[in-house]
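A short write-up of the structure that comes next.
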Amino acid sequence: MSAPLKPDRCLIVIFGASGDLTKRKLVPALYDLCRNRHLPKRCGVLGVSRTAMTDDEFRQRTKPWCEKDPAFSEDTWQHFAQRLHYQPADATDLTSFKQQLVPRLGALCKEHQTGDNVLYYLSVAPGLYDPIVMNIGASGLVTEGKRWCSINRDALPWQRVVVEKPFGHDLDSAEHLNRVLGRVFDEESVYNIDHYLGKETVQNLLVFRFANAIFEPLWNRNYIDHVQITAAETVGVEDRGAFYEKAGAMRDMIQSHLLQVLAVLTMDTPNSSRAHDLRVEQRKLLEAIRVIDEAQAPLFAVRGQYGAGEVNGEPLAAYRDDPNTAADSQTETYTAMKLLIDNWRWHGVPFFLRTGKAMRRKLTQIVVTFRPAPHPIFANMCGDEAPQPNRLVINVQPDEGINLRFIGKVPGQGTDLRNAVMDFDYAQFGGEVQEAYAHLLLDAMCGDRSLFKDRFEIEAAWRIVMPVLNYWNNHPAADLPNYAAGSWGPAEADELIAPHGPWRNPEGEVSRSKYLQR
Ligand SMILES: NC(=O)c1ccc[n+]([C@@H]2O[C@H](COP(=O)([O-])OP(=O)(O)OC[C@H]3O[C@@H](n4cnc5c(N)ncnc54)[C@H](OP(=O)(O)O)[C@@H]3O)[C@@H](O)[C@H]2O)c1
């Protein structure tokens, strides 16, 4: 978030080069960076996986992924392709690591004059993180990482590792992963990627909160009644049923993305926009979120699973009817959660987080509802409309923007009051919104960790959700599926928020969930 840094020359090593993430995100993001001249001049990319391929075959394979870029050009491609290389290897095997990868890395660092700067990207199944990280260490590839120093960054070569979520499956496995990473890399060299945080509006949120003086005085329990954060998807599990069965909405969305958004929204003012200062405040905030007892879980969290229904006029089969899910699956495709932050600023303000698949609308938004005016001298002057509390809505997607609801007077005789909205659309600024992965890869090359998570945040987030996950694990739900595809989720979620509710769904939409008719 600080002033734009220059990416260091480096070799990028992608483990999992034949996989889905490399195809859909990583290579297109690197091509995008090349097209926009953001890649350092001295930079190479080495793909690693077991599938046998030559450099040229890898280039042929990746070209169609780049051609999807609306601004694709043959010239840029030729320039980009020269940097692309491939090494078939079993990265879990130390012998092939030492015999094949180490010499290849050395040769490519020389060819592209990248010094010993290497960015390792773990785009493999989480079960492979441990052996790959240990092999990187055991092969002597992390020469300078332990001596990373911020005083004279250019003087020392660096080795960094980018880790994809999920960061563990629970608190124990996350702590284990962090210990393994810590044996080989300094904490400052570990980049735990969360593509959600690369989203333009989350960064906009930092600017909105900390570049404007008018909101900060209101940003506390004295003025804010409650906050809702929604991340709703219209799609079901699509072809990710096998993965999703082991994850669920709590792990996939709340533990990672939404708690991070909450931290950015509610943390104290950082000393600067530097990564370290942002990390300190976000960590402090996450550690202030109340960790409930397992037995309290039903009071603080609701789980849901979609049954058959219709989304945007199209039928969608029930989650349990997916060929890759169990017929009696307990996996939640919806989670709503109430959180309390035990600090001076937020004492007593509830934060409601919800996320779901197969919902009525695709939508990510934050709604901050303010307390009513303390002494309503204009009561009963709102005509037919009920006066609404002041509300700040931050739309993350679609249509990134911010709007503020307030009460205004209708021109003319008397005092006829109406609800009004001031609307800001980020598209008004123009400019090209950079794809999240391109942004994050560039930050990693620059050594800017402000949009990445550190181990303490990850572990704090797990501590918050573990009591609920444990309760759900120990108390299977008898009523799943409990919401219809195309609705706004289970009715219990309405009850969770009722004292402050209802959930703020887009204008004109029903706000009450439908019970699934079975
Ligand atoms: N796909 C997404 O949209 C997405 C989104 C967020 C996070 N992620 C995370 O990103 C990671 C990768 O996901 P993915 O969807 O790309 O998985 P994937 O399609 O299954 O790809 C896995 C890759 O790992 C390689 N691999 C497996 N065993 C290997 C070994 N012993 N040595 C070297 N390479 C090996 C595979 O290639 P070979 O079989 O050729 O070895 C393949 O290239 C996962 O941790 C996932 O949770 C993915």
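How things are named: the first chain in the structure tokens is A, the next is B, and so on; residues count from 1 in each chain; ligands count from 1 in the order shown.
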
_Residue neighbourhood A:Glu495, 12 Å, only C-alpha atoms, exclusion window fewer than 3 positions, as a list in words_ =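 Using only C-alpha atoms, the neighbours found are Pro298, Leu299, Phe300, Ala301, Val302, Ala336, Met337, Lys338, Phe352, Gly489, Pro490, Ala491, Glu492, Ala498, Pro499, His500, Gly501, Pro502, Trp503, Arg512 and Ser513 of chain A.
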
For the residues in that selection, give me N, CA and C atoms as a short mmCIF file (atom, residue, chain, number, x, y, z; two decimals), in the first residue's frame.
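Listing of part.cif after writing:
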```cif
data_model
loop_
_atom_site.label_atom_id
_atom_site.label_comp_id
_atom_site.auth_asym_id
_atom_site.auth_seq_id
_atom_site.Cartn_x
_atom_site.Cartn_y
_atom_site.Cartn_z
N PRO A 298 -24.18 -22.48 19.05
CA PRO A 298 -25.50 -22.23 18.42
C PRO A 298 -25.97 -20.79 18.60
N LEU A 299 -25.44 -20.08 19.60
CA LEU A 299 -25.85 -18.68 19.80
C LEU A 299 -25.11 -17.73 18.88
N PHE A 300 -24.01 -18.19 18.32
CA PHE A 300 -23.15 -17.30 17.55
C PHE A 300 -23.01 -17.70 16.08
N ALA A 301 -23.44 -18.89 15.71
CA ALA A 301 -23.20 -19.31 14.32
C ALA A 301 -24.35 -20.17 13.81
N VAL A 302 -24.58 -20.05 12.51
CA VAL A 302 -25.63 -20.83 11.83
C VAL A 302 -24.98 -21.50 10.63
N ALA A 336 -23.42 -18.21 8.75
CA ALA A 336 -23.59 -16.86 9.28
C ALA A 336 -23.00 -16.87 10.68
N MET A 337 -22.36 -15.78 11.04
CA MET A 337 -21.69 -15.75 12.34
C MET A 337 -21.80 -14.39 12.97
N LYS A 338 -22.00 -14.37 14.26
CA LYS A 338 -21.98 -13.11 15.00
C LYS A 338 -20.65 -13.05 15.77
N PHE A 352 -21.84 -9.10 12.00
CA PHE A 352 -22.48 -10.28 11.42
C PHE A 352 -21.83 -10.60 10.08
N GLY A 489 -30.60 -17.96 2.13
CA GLY A 489 -30.02 -18.77 3.20
C GLY A 489 -31.07 -19.22 4.20
N PRO A 490 -30.65 -19.97 5.22
CA PRO A 490 -31.59 -20.55 6.17
C PRO A 490 -32.25 -19.51 7.08
N ALA A 491 -33.45 -19.84 7.53
CA ALA A 491 -34.21 -18.90 8.38
C ALA A 491 -33.50 -18.64 9.70
N GLU A 492 -32.72 -19.63 10.19
CA GLU A 492 -32.03 -19.43 11.46
C GLU A 492 -31.08 -18.23 11.39
N ALA A 498 -31.76 -10.99 14.11
CA ALA A 498 -33.04 -10.32 14.34
C ALA A 498 -32.97 -9.10 15.28
N PRO A 499 -32.26 -9.18 16.41
CA PRO A 499 -32.26 -7.99 17.28
C PRO A 499 -31.69 -6.74 16.60
N HIS A 500 -30.92 -6.91 15.56
CA HIS A 500 -30.33 -5.77 14.84
C HIS A 500 -30.75 -5.75 13.39
N GLY A 501 -31.45 -6.75 12.97
CA GLY A 501 -31.68 -7.05 11.55
C GLY A 501 -32.73 -6.22 10.88
N PRO A 502 -33.13 -6.59 9.67
CA PRO A 502 -32.77 -7.84 9.01
C PRO A 502 -31.46 -7.71 8.24
N TRP A 503 -31.06 -8.84 7.59
CA TRP A 503 -29.93 -8.78 6.68
C TRP A 503 -30.24 -7.77 5.59
N ARG A 512 -36.28 -11.78 3.73
CA ARG A 512 -36.46 -12.98 4.54
C ARG A 512 -36.07 -14.22 3.75
N SER A 513 -35.42 -15.11 4.41
CA SER A 513 -35.05 -16.36 3.76
C SER A 513 -36.28 -17.23 3.60
#
```

Name each residue within 8 Å of ligand 1, counting only C-alpha atoms and all ligand atoms, as a short mmCIF file (atom, residue, chain, number, x, y, z; two decimals) with N, CA and C atoms, in the first residue's frame.
```cif
data_model
loop_
_atom_site.label_atom_id
_atom_site.label_comp_id
_atom_site.auth_asym_id
_atom_site.auth_seq_id
_atom_site.Cartn_x
_atom_site.Cartn_y
_atom_site.Cartn_z
N PHE A 15 5.66 -24.33 -8.35
CA PHE A 15 5.41 -25.76 -8.14
C PHE A 15 3.91 -26.00 -8.42
N GLY A 16 3.64 -26.94 -9.31
CA GLY A 16 2.25 -27.18 -9.71
C GLY A 16 1.94 -26.50 -11.04
N ALA A 17 2.95 -26.52 -11.93
CA ALA A 17 2.84 -25.76 -13.18
C ALA A 17 1.83 -26.34 -14.16
N SER A 18 1.49 -27.63 -13.97
CA SER A 18 0.50 -28.20 -14.90
C SER A 18 -0.92 -28.11 -14.33
N GLY A 19 -1.08 -27.44 -13.19
CA GLY A 19 -2.37 -27.45 -12.48
C GLY A 19 -3.31 -26.33 -12.86
N ASP A 20 -4.46 -26.39 -12.24
CA ASP A 20 -5.57 -25.48 -12.56
C ASP A 20 -5.26 -24.01 -12.20
N LEU A 21 -4.68 -23.79 -11.03
CA LEU A 21 -4.42 -22.41 -10.60
C LEU A 21 -3.40 -21.74 -11.51
N THR A 22 -2.38 -22.50 -11.90
CA THR A 22 -1.36 -21.96 -12.81
C THR A 22 -2.02 -21.57 -14.13
N LYS A 23 -2.92 -22.44 -14.58
CA LYS A 23 -3.58 -22.19 -15.87
C LYS A 23 -4.51 -20.98 -15.79
N ARG A 24 -5.33 -20.96 -14.76
CA ARG A 24 -6.38 -19.93 -14.74
C ARG A 24 -5.89 -18.59 -14.21
N LYS A 25 -4.92 -18.63 -13.29
CA LYS A 25 -4.55 -17.37 -12.63
C LYS A 25 -3.09 -16.97 -12.81
N VAL A 48 7.27 -26.16 -12.49
CA VAL A 48 7.69 -27.49 -12.04
C VAL A 48 6.47 -28.34 -11.73
N SER A 49 6.39 -29.51 -12.32
CA SER A 49 5.44 -30.54 -11.89
C SER A 49 5.91 -31.87 -12.47
N ARG A 50 5.19 -32.95 -12.20
CA ARG A 50 5.71 -34.25 -12.62
C ARG A 50 5.48 -34.53 -14.11
N THR A 51 4.43 -33.94 -14.68
CA THR A 51 4.11 -34.18 -16.09
C THR A 51 5.32 -33.87 -16.98
N ALA A 52 5.62 -34.82 -17.88
CA ALA A 52 6.79 -34.64 -18.75
C ALA A 52 6.48 -33.59 -19.82
N PRO A 88 10.34 -30.98 -15.47
CA PRO A 88 9.57 -32.05 -14.85
C PRO A 88 10.32 -32.59 -13.64
N ALA A 89 9.64 -32.71 -12.52
CA ALA A 89 10.29 -33.26 -11.31
C ALA A 89 9.23 -33.58 -10.27
N ASP A 90 9.55 -34.59 -9.47
CA ASP A 90 8.70 -34.87 -8.31
C ASP A 90 9.27 -34.03 -7.16
N ALA A 91 8.57 -32.98 -6.83
CA ALA A 91 9.11 -32.02 -5.86
C ALA A 91 9.12 -32.55 -4.44
N THR A 92 8.49 -33.71 -4.22
CA THR A 92 8.52 -34.28 -2.87
C THR A 92 9.75 -35.17 -2.68
N ASP A 93 10.47 -35.40 -3.77
CA ASP A 93 11.60 -36.30 -3.72
C ASP A 93 12.92 -35.51 -3.66
N LEU A 122 3.95 -22.01 -4.20
CA LEU A 122 3.42 -23.35 -3.93
C LEU A 122 1.99 -23.45 -4.46
N SER A 123 1.87 -23.86 -5.72
CA SER A 123 0.53 -24.02 -6.31
C SER A 123 0.21 -25.51 -6.42
N VAL A 124 0.36 -26.18 -5.31
CA VAL A 124 0.13 -27.63 -5.24
C VAL A 124 -0.85 -27.92 -4.10
N ALA A 125 -1.28 -29.17 -4.01
CA ALA A 125 -2.19 -29.54 -2.92
C ALA A 125 -1.50 -29.25 -1.58
N PRO A 126 -2.27 -28.80 -0.58
CA PRO A 126 -1.66 -28.43 0.71
C PRO A 126 -0.82 -29.55 1.33
N LEU A 128 1.32 -31.20 0.03
CA LEU A 128 2.69 -31.18 -0.51
C LEU A 128 3.51 -29.99 0.01
N GLU A 164 -0.30 -20.74 -0.99
CA GLU A 164 -1.72 -20.59 -1.34
C GLU A 164 -2.59 -21.04 -0.18
N LYS A 165 -3.75 -20.46 -0.05
CA LYS A 165 -4.68 -20.98 0.94
C LYS A 165 -5.20 -22.32 0.41
N PRO A 166 -5.62 -23.28 1.22
CA PRO A 166 -5.86 -23.14 2.65
C PRO A 166 -4.57 -23.23 3.47
N HIS A 195 -6.17 -14.03 -2.14
CA HIS A 195 -6.50 -13.23 -3.32
C HIS A 195 -7.61 -12.24 -3.05
#
```

*Between atom CA of A:Asp194 and atom CA of A:Val311, what is the spacing in Å?*
27.9 Å

*Run DSSP on the backbone and grab whatever in stretch 160-372 of chain A lands in strand (DSSP E); send it over as number ranges by chain.*
A: 160-163, 190-192, 224-232, 301-304, 306-307, 309-311, 314-316, 334-340, 350-356, 363-370

_Env of A:Lys409: 12 Å cut, atoms = only C-alpha atoms, seq-sep filter 3 positions within chain, self excluded. Answer as a PyMOL selection string._
chain A and resi 378+381-383+387+406+412-420

Create the file for the chosen residues now, containing C-alpha atoms and written as a short mmCIF file (atom, residue, chain, number, x, y, z; two decimals), in the first residue's frame.
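The result, stored in part.cif:
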```
data_model
loop_
_atom_site.label_atom_id
_atom_site.label_comp_id
_atom_site.auth_asym_id
_atom_site.auth_seq_id
_atom_site.Cartn_x
_atom_site.Cartn_y
_atom_site.Cartn_z
CA PHE A 378 -38.41 14.98 13.41
CA MET A 381 -42.46 13.28 9.62
CA CYS A 382 -41.30 10.60 7.23
CA GLY A 383 -44.60 10.21 5.40
CA PRO A 387 -37.07 6.46 8.53
CA PHE A 406 -29.21 9.66 5.14
CA GLY A 412 -41.72 22.54 -0.25
CA GLN A 413 -44.07 23.44 2.54
CA GLY A 414 -43.88 21.51 5.78
CA THR A 415 -41.25 19.05 6.85
CA ASP A 416 -41.65 15.95 4.75
CA LEU A 417 -38.64 13.70 5.28
CA ARG A 418 -37.36 10.99 2.99
CA ASN A 419 -34.54 8.46 2.92
CA ALA A 420 -31.88 9.51 0.42
#
```

*Name the residues in contact with A:Lys246 at a cut-off of 10 Å, using only C-alpha atoms, excluding same-chain residues fewer than 4 positions from it; report them as a PyMOL selection string.*
chain A and resi 169+241-242+251-252+325+331

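Our summary of the geometry notes that atom CA of A:Ser450 is positioned 8.5 Å from atom CA of A:Asp277.
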
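The space between atom CA of A:Asn390 and atom CA of A:Phe351 spans 16.7 Å.
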
Excluding A:Asp69 and any residue of its chain fewer than 6 positions from it, enumerate the residues within 9 Å of it, using only C-alpha atoms, and give them as a CSV table (one decimal) with C-alpha atoms, in the first residue's frame.
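Okay, this is what ended up in selection_8.csv:
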```
chain,number,residue,atom,x,y,z
A,28,PRO,CA,-2.3,-15.1,-17.1
A,31,TYR,CA,1.4,-12.3,-18.9
A,32,ASP,CA,-0.6,-9.3,-17.7
```

*So, counting only C-alpha atoms, which residue among A:Arg104, A:Phe72, A:Leu441, A:Leu496 is closest to A:Pro40?*
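For A:Pro40, the nearest of the candidates is A:Leu441.
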
*For A:Val102, please output as a VMD selection string all residues within 10 Å (counting only C-alpha atoms; exclusion window: fewer than 4 positions along the same chain).*
chain A and resid 96 to 98 106 to 107 136 139 to 141

Output N, CA, C and O atoms for every residue in that selection, as a PDB file, in the first residue's frame.
```pdb
ATOM      1  N   SER A  96      15.505 -36.009  -6.629  1.00  0.00           N
ATOM      2  CA  SER A  96      15.252 -35.297  -7.896  1.00  0.00           C
ATOM      3  C   SER A  96      15.348 -33.783  -7.688  1.00  0.00           C
ATOM      4  O   SER A  96      15.699 -33.044  -8.594  1.00  0.00           O
ATOM      5  N   PHE A  97      15.062 -33.347  -6.486  1.00  0.00           N
ATOM      6  CA  PHE A  97      15.221 -31.925  -6.172  1.00  0.00           C
ATOM      7  C   PHE A  97      16.686 -31.511  -6.369  1.00  0.00           C
ATOM      8  O   PHE A  97      16.992 -30.542  -7.059  1.00  0.00           O
ATOM      9  N   LYS A  98      17.563 -32.333  -5.757  1.00  0.00           N
ATOM     10  CA  LYS A  98      18.980 -31.958  -5.799  1.00  0.00           C
ATOM     11  C   LYS A  98      19.568 -32.159  -7.192  1.00  0.00           C
ATOM     12  O   LYS A  98      20.362 -31.345  -7.663  1.00  0.00           O
ATOM     13  N   GLY A 106      20.072 -22.878 -10.978  1.00  0.00           N
ATOM     14  CA  GLY A 106      21.343 -22.155 -11.113  1.00  0.00           C
ATOM     15  C   GLY A 106      21.522 -21.647 -12.539  1.00  0.00           C
ATOM     16  O   GLY A 106      21.888 -20.484 -12.765  1.00  0.00           O
ATOM     17  N   ALA A 107      21.223 -22.542 -13.507  1.00  0.00           N
ATOM     18  CA  ALA A 107      21.404 -22.169 -14.918  1.00  0.00           C
ATOM     19  C   ALA A 107      20.463 -21.029 -15.298  1.00  0.00           C
ATOM     20  O   ALA A 107      20.857 -20.084 -16.002  1.00  0.00           O
ATOM     21  N   ILE A 136      13.262 -27.631  -0.264  1.00  0.00           N
ATOM     22  CA  ILE A 136      13.920 -26.360  -0.634  1.00  0.00           C
ATOM     23  C   ILE A 136      15.030 -26.074   0.374  1.00  0.00           C
ATOM     24  O   ILE A 136      16.158 -25.734   0.018  1.00  0.00           O
ATOM     25  N   SER A 139      17.992 -28.656   0.213  1.00  0.00           N
ATOM     26  CA  SER A 139      18.831 -28.536  -0.994  1.00  0.00           C
ATOM     27  C   SER A 139      19.723 -27.308  -0.936  1.00  0.00           C
ATOM     28  O   SER A 139      20.419 -26.996  -1.909  1.00  0.00           O
ATOM     29  N   GLY A 140      19.662 -26.596   0.150  1.00  0.00           N
ATOM     30  CA  GLY A 140      20.527 -25.416   0.302  1.00  0.00           C
ATOM     31  C   GLY A 140      20.098 -24.249  -0.574  1.00  0.00           C
ATOM     32  O   GLY A 140      20.911 -23.384  -0.915  1.00  0.00           O
ATOM     33  N   LEU A 141      18.824 -24.215  -0.957  1.00  0.00           N
ATOM     34  CA  LEU A 141      18.383 -23.152  -1.876  1.00  0.00           C
ATOM     35  C   LEU A 141      18.056 -21.846  -1.157  1.00  0.00           C
ATOM     36  O   LEU A 141      17.937 -20.808  -1.786  1.00  0.00           O
TER      37      LEU A 141
END
```

*asked:* Could you list, as an MDAnalysis selection string, every residue within 8 Å of A:Leu480, counting only C-alpha atoms and ignoring same-chain residues fewer than 6 positions away?
replied: chainID A and resid 304:306 330

Can you spit out the residues from that selection as a CSV table (one decimal), in the first residue's frame, using N, CA and C atoms?
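After the write, again19.csv holds the following:
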```
chain,number,residue,atom,x,y,z
A,304,GLY,N,-25.7,-23.8,7.0
A,304,GLY,CA,-26.7,-24.2,6.1
A,304,GLY,C,-26.2,-25.0,4.9
A,305,GLN,N,-27.0,-25.7,4.3
A,305,GLN,CA,-26.6,-26.4,3.1
A,305,GLN,C,-27.8,-26.3,2.1
A,306,TYR,N,-27.4,-26.0,0.8
A,306,TYR,CA,-28.5,-25.8,-0.1
A,306,TYR,C,-29.2,-27.1,-0.6
A,330,GLN,N,-22.6,-33.5,5.7
A,330,GLN,CA,-22.8,-32.5,6.7
A,330,GLN,C,-22.1,-31.2,6.4
```
